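The next block is target-v9.tsv, given as TSV, C-alpha atoms and all ligand atoms.
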```
chain	number	residue	atom	x	y	z
D	11	MET	CA	-24.67	228.06	109.52
D	12	ALA	CA	-23.24	229.84	112.47
D	13	ASP	CA	-21.31	232.95	111.54
D	14	PHE	CA	-18.03	231.76	113.03
D	15	LYS	CA	-15.57	229.13	111.99
D	16	ILE	CA	-15.18	225.89	113.84
D	17	PRO	CA	-12.57	223.29	112.84
D	18	LYS	CA	-13.75	220.83	110.22
D	19	ALA	CA	-13.16	217.83	112.46
D	20	THR	CA	-15.31	219.44	115.15
D	21	ALA	CA	-18.04	220.25	112.63
D	22	LYS	CA	-18.11	216.60	111.57
D	23	ARG	CA	-18.80	215.50	115.13
D	24	LEU	CA	-21.70	217.92	115.58
D	25	PRO	CA	-24.42	215.60	114.23
D	26	LEU	CA	-23.15	212.90	116.58
D	27	TYR	CA	-23.47	215.16	119.59
D	28	TYR	CA	-26.76	216.48	118.34
D	29	ARG	CA	-28.36	213.05	118.05
D	30	TYR	CA	-27.29	211.97	121.51
D	31	LEU	CA	-28.35	215.23	123.15
D	32	ASN	CA	-31.72	214.87	121.46
D	33	PHE	CA	-31.99	211.42	122.93
D	34	LEU	CA	-31.15	212.78	126.42
D	35	HIS	CA	-33.63	215.59	126.00
D	36	ASN	CA	-36.38	213.13	125.06
D	37	ALA	CA	-35.46	211.06	128.09
D	38	GLY	CA	-35.97	214.16	130.26
D	39	LYS	CA	-32.31	214.61	131.22
D	40	GLU	CA	-31.15	218.15	131.92
D	41	LYS	CA	-27.42	217.71	132.42
D	42	VAL	CA	-24.73	215.60	130.83
D	43	SER	CA	-21.07	215.23	131.72
D	44	SER	CA	-18.31	215.02	129.12
D	45	THR	CA	-17.49	211.52	130.41
D	46	GLU	CA	-21.03	210.31	129.84
D	47	LEU	CA	-21.13	211.89	126.39
D	48	SER	CA	-17.76	210.38	125.64
D	49	GLU	CA	-18.98	206.87	126.32
D	50	ALA	CA	-22.14	207.36	124.31
D	51	VAL	CA	-20.65	208.89	121.17
D	52	LYS	CA	-17.24	207.19	121.38
D	53	VAL	CA	-15.20	210.37	121.27
D	54	ASP	CA	-12.68	210.93	124.06
D	55	SER	CA	-13.74	213.44	126.67
D	56	ALA	CA	-10.81	215.81	126.16
D	57	THR	CA	-11.86	216.17	122.53
D	58	ILE	CA	-15.45	216.76	123.58
D	59	ARG	CA	-14.40	219.48	126.03
D	60	ARG	CA	-12.29	221.13	123.35
D	61	ASP	CA	-15.08	220.88	120.77
D	62	PHE	CA	-17.59	222.37	123.16
D	63	SER	CA	-15.30	225.23	124.01
D	64	TYR	CA	-15.61	226.36	120.37
D	65	PHE	CA	-19.33	226.66	120.92
D	66	GLY	CA	-18.81	228.77	123.99
D	67	ALA	CA	-20.38	225.96	126.02
D	68	LEU	CA	-18.49	225.76	129.25
D	69	GLY	CA	-19.44	222.82	131.38
D	70	LYS	CA	-19.11	223.40	135.09
D	71	ARG	CA	-16.82	220.94	136.86
D	72	GLY	CA	-18.81	218.22	138.55
D	73	TYR	CA	-22.01	219.60	137.09
D	74	GLY	CA	-21.88	218.92	133.38
D	75	TYR	CA	-23.37	220.60	130.35
D	76	ASP	CA	-26.89	221.89	130.09
D	77	VAL	CA	-28.66	219.60	127.60
D	78	ASP	CA	-31.29	222.03	126.36
D	79	SER	CA	-29.02	224.97	125.75
D	80	LEU	CA	-26.50	222.78	123.91
D	81	LEU	CA	-29.32	221.33	121.86
D	82	ALA	CA	-30.62	224.76	120.93
D	83	PHE	CA	-27.13	225.78	119.90
D	84	PHE	CA	-26.55	222.68	117.78
D	85	ALA	CA	-29.96	222.90	116.15
D	86	LYS	CA	-29.11	226.40	115.01
D	87	THR	CA	-25.61	225.53	113.91
D	88	LEU	CA	-26.73	222.46	112.02
D	89	ASN	CA	-29.61	224.34	110.44
D	90	GLN	CA	-32.00	221.82	111.95
D	91	ASP	CA	-34.43	224.61	112.63
D	92	HIS	CA	-35.25	225.07	108.98
D	93	LEU	CA	-35.96	222.69	106.18
D	94	THR	CA	-33.44	222.30	103.37
D	95	ASN	CA	-34.83	221.03	100.10
D	96	VAL	CA	-32.42	219.07	97.98
D	97	ALA	CA	-32.72	217.59	94.50
D	98	LEU	CA	-31.67	214.17	93.25
D	99	ILE	CA	-30.51	213.47	89.71
D	100	GLY	CA	-30.69	209.92	88.34
D	101	VAL	CA	-33.54	207.79	89.63
D	102	GLY	CA	-31.93	204.37	89.05
D	103	ASN	CA	-31.61	201.71	91.74
D	104	LEU	CA	-29.55	203.85	94.10
D	105	GLY	CA	-31.46	207.07	93.37
D	106	HIS	CA	-34.73	205.33	93.98
D	107	ALA	CA	-33.54	203.91	97.28
D	108	LEU	CA	-32.55	207.40	98.41
D	109	LEU	CA	-35.93	208.81	97.38
D	110	ASN	CA	-37.61	206.12	99.38
D	111	TYR	CA	-35.32	206.74	102.34
D	112	ASN	CA	-35.69	210.51	102.09
D	113	PHE	CA	-33.86	211.24	105.34
D	114	ARG	CA	-36.92	210.42	107.42
D	115	GLN	CA	-35.06	210.47	110.70
D	116	THR	CA	-34.54	214.22	110.37
D	117	ASN	CA	-37.04	217.01	109.85
D	118	SER	CA	-34.46	219.28	108.37
D	119	VAL	CA	-33.57	217.79	104.97
D	120	ARG	CA	-35.71	216.26	102.29
D	121	ILE	CA	-35.49	215.48	98.61
D	122	SER	CA	-38.17	217.65	97.06
D	123	ALA	CA	-37.42	217.15	93.36
D	124	ALA	CA	-35.82	214.44	91.25
D	125	PHE	CA	-34.62	214.48	87.64
D	126	ASP	CA	-33.99	211.81	85.05
D	127	VAL	CA	-33.68	211.34	81.28
D	128	ASN	CA	-35.88	208.25	81.17
D	129	PRO	CA	-39.29	209.25	79.74
D	130	ASP	CA	-40.88	206.20	81.41
D	131	ILE	CA	-40.45	207.78	84.82
D	132	THR	CA	-40.39	211.54	84.19
D	133	GLY	CA	-43.74	213.12	84.98
D	134	THR	CA	-44.43	210.49	87.64
D	135	ILE	CA	-44.19	210.73	91.41
D	136	GLN	CA	-41.91	208.19	93.11
D	137	SER	CA	-41.96	207.82	96.89
D	138	GLY	CA	-43.77	211.15	97.07
D	139	VAL	CA	-41.17	213.00	94.98
D	140	PRO	CA	-41.93	214.37	91.50
D	141	ILE	CA	-39.54	213.27	88.74
D	142	TYR	CA	-38.82	216.02	86.22
D	143	PRO	CA	-37.18	215.68	82.82
D	144	MET	CA	-33.63	217.04	82.58
D	145	ASP	CA	-34.67	219.97	80.42
D	146	GLU	CA	-36.51	221.38	83.42
D	147	LEU	CA	-33.43	221.17	85.65
D	148	GLU	CA	-32.43	224.84	85.71
D	149	THR	CA	-35.95	226.25	86.05
D	150	GLN	CA	-37.01	223.84	88.80
D	151	LEU	CA	-33.84	224.40	90.84
D	152	LYS	CA	-34.40	228.12	90.58
D	153	ASP	CA	-38.13	228.03	91.33
D	154	GLN	CA	-37.66	225.72	94.30
D	155	GLN	CA	-34.54	227.57	95.47
D	156	ILE	CA	-32.59	224.32	95.64
D	157	ASP	CA	-28.84	224.63	95.87
D	158	ILE	CA	-27.83	221.16	96.98
D	159	VAL	CA	-28.00	218.17	94.66
D	160	ILE	CA	-27.49	214.44	95.07
D	161	LEU	CA	-25.89	212.85	92.03
D	162	THR	CA	-26.79	209.22	91.30
D	163	VAL	CA	-26.36	209.16	87.51
D	164	PRO	CA	-24.09	206.85	85.51
D	165	THR	CA	-20.43	207.91	85.72
D	166	GLN	CA	-20.22	209.05	82.12
D	167	ALA	CA	-23.03	211.57	82.64
D	168	ALA	CA	-21.64	213.01	85.89
D	169	GLN	CA	-19.34	215.78	84.63
D	170	ASP	CA	-21.75	217.28	82.09
D	171	ILE	CA	-24.48	217.43	84.70
D	172	THR	CA	-22.07	218.90	87.23
D	173	ASP	CA	-21.22	221.68	84.75
D	174	ARG	CA	-24.92	222.44	84.34
D	175	LEU	CA	-25.40	222.49	88.09
D	176	THR	CA	-22.46	224.84	88.54
D	177	LYS	CA	-23.89	227.20	85.93
D	178	ALA	CA	-27.26	227.00	87.63
D	179	GLY	CA	-25.68	228.27	90.86
D	180	VAL	CA	-25.77	225.05	92.89
D	181	HIS	CA	-23.42	225.18	95.91
D	182	GLY	CA	-23.27	221.60	97.09
D	183	ILE	CA	-23.13	218.21	95.39
D	184	LEU	CA	-23.35	214.86	97.14
D	185	ASN	CA	-21.60	212.72	94.56
D	186	PHE	CA	-22.44	209.01	94.57
D	187	THR	CA	-20.68	208.39	91.26
D	188	PRO	CA	-17.10	207.06	91.35
D	189	LEU	CA	-15.99	210.01	89.19
D	190	ARG	CA	-14.04	212.78	90.94
D	191	ILE	CA	-16.05	215.60	89.41
D	192	SER	CA	-14.41	218.95	88.68
D	193	VAL	CA	-16.02	222.04	90.15
D	194	PRO	CA	-15.02	225.65	90.76
D	195	ASP	CA	-14.25	226.89	94.29
D	196	THR	CA	-17.82	228.06	94.72
D	197	VAL	CA	-19.12	224.49	94.74
D	198	ARG	CA	-18.49	222.00	97.51
D	199	VAL	CA	-18.50	218.29	96.73
D	200	GLN	CA	-18.88	215.38	99.15
D	201	ASN	CA	-18.05	212.04	97.59
D	202	VAL	CA	-19.83	208.90	98.70
D	203	ASP	CA	-18.15	206.05	96.93
D	204	LEU	CA	-19.81	202.95	98.34
D	205	VAL	CA	-17.59	200.47	96.50
D	206	ASN	CA	-14.47	202.25	97.66
D	207	GLU	CA	-15.69	202.39	101.28
D	208	LEU	CA	-16.47	198.70	101.26
D	209	GLN	CA	-13.10	197.83	99.73
D	210	THR	CA	-11.32	199.94	102.34
D	211	LEU	CA	-13.20	198.08	105.04
D	212	ILE	CA	-12.30	194.71	103.54
D	213	TYR	CA	-8.66	195.79	103.31
D	214	PHE	CA	-8.58	196.75	106.98
D	215	ILE	CA	-10.31	193.58	108.07
D	216	ASP	CA	-7.90	191.48	106.02
D	217	HIS	CA	-4.74	193.28	107.16
D	218	TYR	CA	-5.35	194.56	110.65
D	219	SER	CA	-7.99	192.38	112.18
D	220	ASN	CA	-7.00	190.27	115.17
D	221	ARG	CA	-9.42	187.54	114.34
D	222	PRO	CA	-7.82	184.19	113.61
D	223	LYS	CA	-7.37	183.58	109.91
D	224	GLU	CA	-8.86	180.48	108.34
D	225	GLU	CA	-5.97	178.66	106.83
U	1	LIG	P1	-27.71	202.73	89.97
U	1	LIG	O1	-26.30	203.03	89.54
U	1	LIG	O2	-28.32	203.87	90.72
U	1	LIG	O3	-27.94	201.40	90.58
U	1	LIG	P2	-29.03	201.82	87.57
U	1	LIG	O4	-28.10	200.71	87.32
U	1	LIG	O5	-30.44	201.52	87.89
U	1	LIG	O6	-28.53	202.81	88.65
U	1	LIG	P3	-27.84	203.72	85.82
U	1	LIG	O7	-27.58	203.32	84.41
U	1	LIG	O8	-26.68	203.84	86.75
U	1	LIG	O9	-28.99	202.79	86.37
U	1	LIG	O10	-28.61	205.09	85.79
U	1	LIG	C1	-29.13	205.69	86.92
U	1	LIG	C2	-30.26	206.60	86.52
U	1	LIG	O11	-29.73	207.78	85.89
U	1	LIG	C3	-31.23	205.98	85.53
U	1	LIG	O12	-32.56	206.18	86.00
U	1	LIG	C4	-30.98	206.74	84.24
U	1	LIG	O13	-32.18	206.88	83.48
U	1	LIG	C5	-30.50	208.07	84.76
U	1	LIG	N1	-29.65	208.80	83.79
U	1	LIG	C6	-28.81	208.29	82.86
U	1	LIG	N2	-28.20	209.27	82.18
U	1	LIG	C7	-28.68	210.44	82.69
U	1	LIG	C8	-28.45	211.82	82.39
U	1	LIG	N3	-27.59	212.20	81.45
U	1	LIG	N4	-29.14	212.73	83.09
U	1	LIG	C9	-30.01	212.34	84.06
U	1	LIG	N5	-30.27	211.08	84.38
U	1	LIG	C10	-29.61	210.13	83.71
```
Show me the file's structure as structure tokens.
Amino acid sequence: MADFKIPKATAKRLPLYYRYLNFLHNAGKEKVSSTELSEAVKVDSATIRRDFSYFGALGKRGYGYDVDSLLAFFAKTLNQDHLTNVALIGVGNLGHALLNYNFRQTNSVRISAAFDVNPDITGTIQSGVPIYPMDELETQLKDQQIDIVILTVPTQAAQDITDRLTKAGVHGILNFTPLRISVPDTVRVQNVDLVNELQTLIYFIDHYSNRPKEE
């Protein structure tokens, strides 16, 4: 990451900007205005200008931002210029789908190792990714210098595995289990609770949607 702090909300919008700038670059465009960006990524242009000021990118009035230099900056900040190997634990339905997906639209992240307790699948290769038994967890993470892990195990196994990961020096966990796992300050967790997200969406549609209700 870049060696300066940018606000979290700004950091979250970076991939959005990055994808669109990439698209512009591929289309051969050299300049982009904050208004044009705003329409494309659906972020208001004042926010875009403020975000970009954190990157030291100062668009000239009536001229816009330079696509390539912004892209180079974002690539560096987002670590797109080097490959991050991550591991996945729990090759069930969801885990398998993620292995198959394997972040193909980016060259910067890939699942390079998976782990499971099921002897029917350990020792096999699924979607190009080797599945290791859990007793090889610590050694493989160390050998492959992996410090980010995707967790797709059953809920009741999540905390024990998290404790092992913490001990093994992992720094990031993408948690697909509904359990709010406990970690020390040295470990960052991102929760992806699909059921919860869907229920939130249903709630909003039911309560705030303008569409006529069937009654
Ligand atoms: P999903 O929730 O992904 O749809 P599923 O219903 O196919 O999964 P689960 O029972 O949730 O299966 O288990 C997910 C995977 O986690 C399985 O492949 C299972 O073998 C594996 N698993 C279960 N316990 C552990 C554990 N303690 N350590 C590692 N892997 C485990």
Hey, which residues sit close to ligand LIG 1 (chain U)? Say within 6 Å, counting all atoms listed in the file, and write them as a list in words.
Ile99, Gly100, Val101, Gly102, Asn103, Leu104, Gly105, Asp126, Val127, Asn128, Thr162, Val163, Pro164 and Ala167 of chain D
Identify which of the residues D:Leu108, D:Val51, D:Ile58, D:Val42 lies closest to D:Tyr73, counting all atoms listed in the file when measuring atom-to-atom distances.
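Using all atoms listed in the file, the shortest distance to D:Tyr73 belongs to D:Val42.
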Coordinates-based distance that separates atom CA of D:Thr187 from atom CA of D:Tyr111 (Å, one decimal):
18.4 Å
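Between D:Ser192 and the candidates D:Gln169, D:Pro25, D:Phe214, D:Phe83, the tightest atom-to-atom separation, counting only C-alpha atoms, involves D:Gln169.
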Tell me, in Å to one decimal, how far atom CA of D:Ile156 is from atom CA of D:Thr176.
12.4 Å
Figure out the distance between atom CA of D:Tyr28 and atom CA of D:Asp61, please, to one decimal in Å.
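Going from atom CA of D:Asp61 over to atom CA of D:Tyr28 covers 12.7 Å.
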Tell me which protein, DNA and RNA residues are within 10 Å of D:Ile131, counting all atoms listed in the file, leaving out same-chain ones fewer than 6 positions away, and put them as number ranges by chain.
D: 101, 125, 140-143
For the residues selected in the previous step, produce a file with C-alpha atoms as a compact mmCIF listing (two decimals), in the frame of the given file.
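This went into selection17.txt:
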```
# COMPACT_ATOMS: atom_id res chain seq x y z
CA VAL D 101 -33.54 207.79 89.63
CA PHE D 125 -34.62 214.48 87.64
CA PRO D 140 -41.93 214.37 91.50
CA ILE D 141 -39.54 213.27 88.74
CA TYR D 142 -38.82 216.02 86.22
CA PRO D 143 -37.18 215.68 82.82
```
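Around D:Asp173, within 9 Å and counting all atoms listed in the file, the residues found are Ala168, Ala178, Ser192 and Val193 of chain D, once anything fewer than 5 positions away on its own chain is removed.
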Between D:Pro194, D:Gly74, D:Gly38, D:Gly179, which has the minimum distance to D:Lys152 (counting all atoms listed in the file)?
D:Gly179
Given only C-alpha atoms as the basis, pick out the residue of D:Gln136, D:Asn117, D:Asn32, D:Gln209 nearest to D:Ser79.
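Ranking D:Gln136, D:Asn117, D:Asn32, D:Gln209 by distance to D:Ser79, first place goes to D:Asn32.
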Can you work out which one of D:Gln150, D:Thr87, D:Asn185, D:Thr94 has the shortest atom-to-atom distance to D:Thr116, counting all atoms listed in the file?
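Checking each candidate against D:Thr116, we get D:Thr94 as the closest.
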When you count only C-alpha atoms, which of these residues is closest to D:Glu46: D:Leu175, D:Leu80, D:Leu34, D:Val96?
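Of the candidates, the smallest distance to D:Glu46 is held by D:Leu34.
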